[in-house]
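Take a look at the structure set out below.
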Amino acid sequence: MIAVDTNILVYAHRTDSPWHQSAAATIVRLAESSEPWAIPWPCVHEFLSIATHPRIYRPPTPPEVALADLDTWFGSPSLQLLAETPRYWEILRAIVRRSAVVGPMVHDARIAALCQAHGVTQLWTADRDFSRFGIAVHNPLCAA
């Protein structure tokens, strides 16, 4: 199963992003496929935080518009939203120890742990930092 990171969601949403067309096509392809795909809940929260932030985007996305995009993505019958499982803490603890991350990188470790707990085979992201967590990463925007 493929999971999608925050940056791909933001680029798919923000029409002013230079990667908008490629990211939007990527999300549509996943959403319309019968193959399962996933969004970790922390990425949903981070998407809302980034897209609506007035110091990141001028103008920022109105909350109702960001929520509408999430509702559209959540309408995909093949989408799974990744939340903590009984094994989550064991996996997160091992990732943090192995990778020795601290501070803000713990957020990325959390996403990696959720992916591992749910059997995600590949995380689609434009962030190279995830490779340190033992999860296969792919940037679907590279060919763009």
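Ordering of the structure tokens sets the chain letters (A, B, ...); residue numbers start at 1 within each chain; ligands are numbered from 1 in the order shown.
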
Residues of chain A in alpha helix (DSSP H), written as a ChimeraX atom specification: /A:6-13,20-32,41-51,63-74,88-99,105-117

9 Å contact set for region 11-16 of chain A, only C-alpha atoms, chain neighbours under 3 positions out, as a list in words: Thr6, Asn7, Ile8, Trp19, His20, Gln21, Ser22, Ala23, Ala24, Ala25, Thr26, Ile27, Ala51, Thr61, Ala66 and Asp69 of chain A

Could you write out the selected residues, including C-alpha atoms, as an mmCIF file, in the first residue's frame?
```
data_model
loop_
_atom_site.group_PDB
_atom_site.id
_atom_site.type_symbol
_atom_site.label_atom_id
_atom_site.label_comp_id
_atom_site.auth_asym_id
_atom_site.auth_seq_id
_atom_site.Cartn_x
_atom_site.Cartn_y
_atom_site.Cartn_z
ATOM 1 C CA THR A 6 1.722 16.157 3.697
ATOM 2 C CA ASN A 7 3.778 17.903 1.030
ATOM 3 C CA ILE A 8 2.097 15.977 -1.810
ATOM 4 C CA TRP A 19 4.115 21.076 -8.534
ATOM 5 C CA HIS A 20 0.315 21.453 -8.396
ATOM 6 C CA GLN A 21 -0.571 19.732 -11.664
ATOM 7 C CA SER A 22 1.669 16.744 -11.063
ATOM 8 C CA ALA A 23 0.641 16.358 -7.416
ATOM 9 C CA ALA A 24 -3.069 16.754 -8.196
ATOM 10 C CA ALA A 25 -2.830 14.132 -10.951
ATOM 11 C CA THR A 26 -1.030 11.817 -8.520
ATOM 12 C CA ILE A 27 -3.800 12.124 -5.920
ATOM 13 C CA ALA A 51 -2.554 25.293 3.831
ATOM 14 C CA THR A 61 -6.447 28.749 2.045
ATOM 15 C CA ALA A 66 -9.084 22.974 2.783
ATOM 16 C CA ASP A 69 -10.491 19.044 -0.426
#
```

Nearest residue to Glu84 (chain A) from the set A:His45, A:Leu141, A:Leu114, A:Ala38 (distances using only C-alpha atoms):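 Looking at the shortest contact to Glu84 (chain A), the residue is A:Leu114.
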
Using only C-alpha atoms, I'd like a table of the residues in region 44-115 of chain A that come within 8 Å of region 133-138 of chain A; for each, show the closest atom pair and its distance in Å rounded to one decimal, ordered by chain and ascending number, as CSV.
```
residue,atom,partner,partner_atom,distance
A:Ile95,CA,A:Phe133,CA,6.2
A:Ser99,CA,A:Phe133,CA,6.5
A:Ala109,CA,A:Phe133,CA,6.7
A:Ala112,CA,A:Phe133,CA,6.5
```

Computed interatomic separation between CA of Val120 (chain A) and CA of Ala3 (chain A) (Å):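 For CA of Val120 (chain A) relative to CA of Ala3 (chain A), the distance reads 6.4 Å.
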
Among the residues A:Leu48, A:Val28, A:Leu79, A:Ile39, the one that comes closest to Cys115 (chain A) [using only C-alpha atoms]: A:Ile39

Residue nearest Thr52 (chain A) among A:Val10, A:Leu82, A:Gln116, A:Arg128 (counting only C-alpha atoms):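 Of A:Val10, A:Leu82, A:Gln116, A:Arg128, the one nearest Thr52 (chain A), counting only C-alpha atoms, is A:Val10.
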
For His118 (chain A), the nearest of the candidates A:Pro77, A:Pro59, A:Pro86, A:Gly103, counting only C-alpha atoms: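 Going through A:Pro77, A:Pro59, A:Pro86, A:Gly103 one by one, the smallest distance to His118 (chain A) is for A:Pro86.
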
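Atom to atom, CA of Ile91 (chain A) and CA of Pro36 (chain A) stand 22.0 Å apart.
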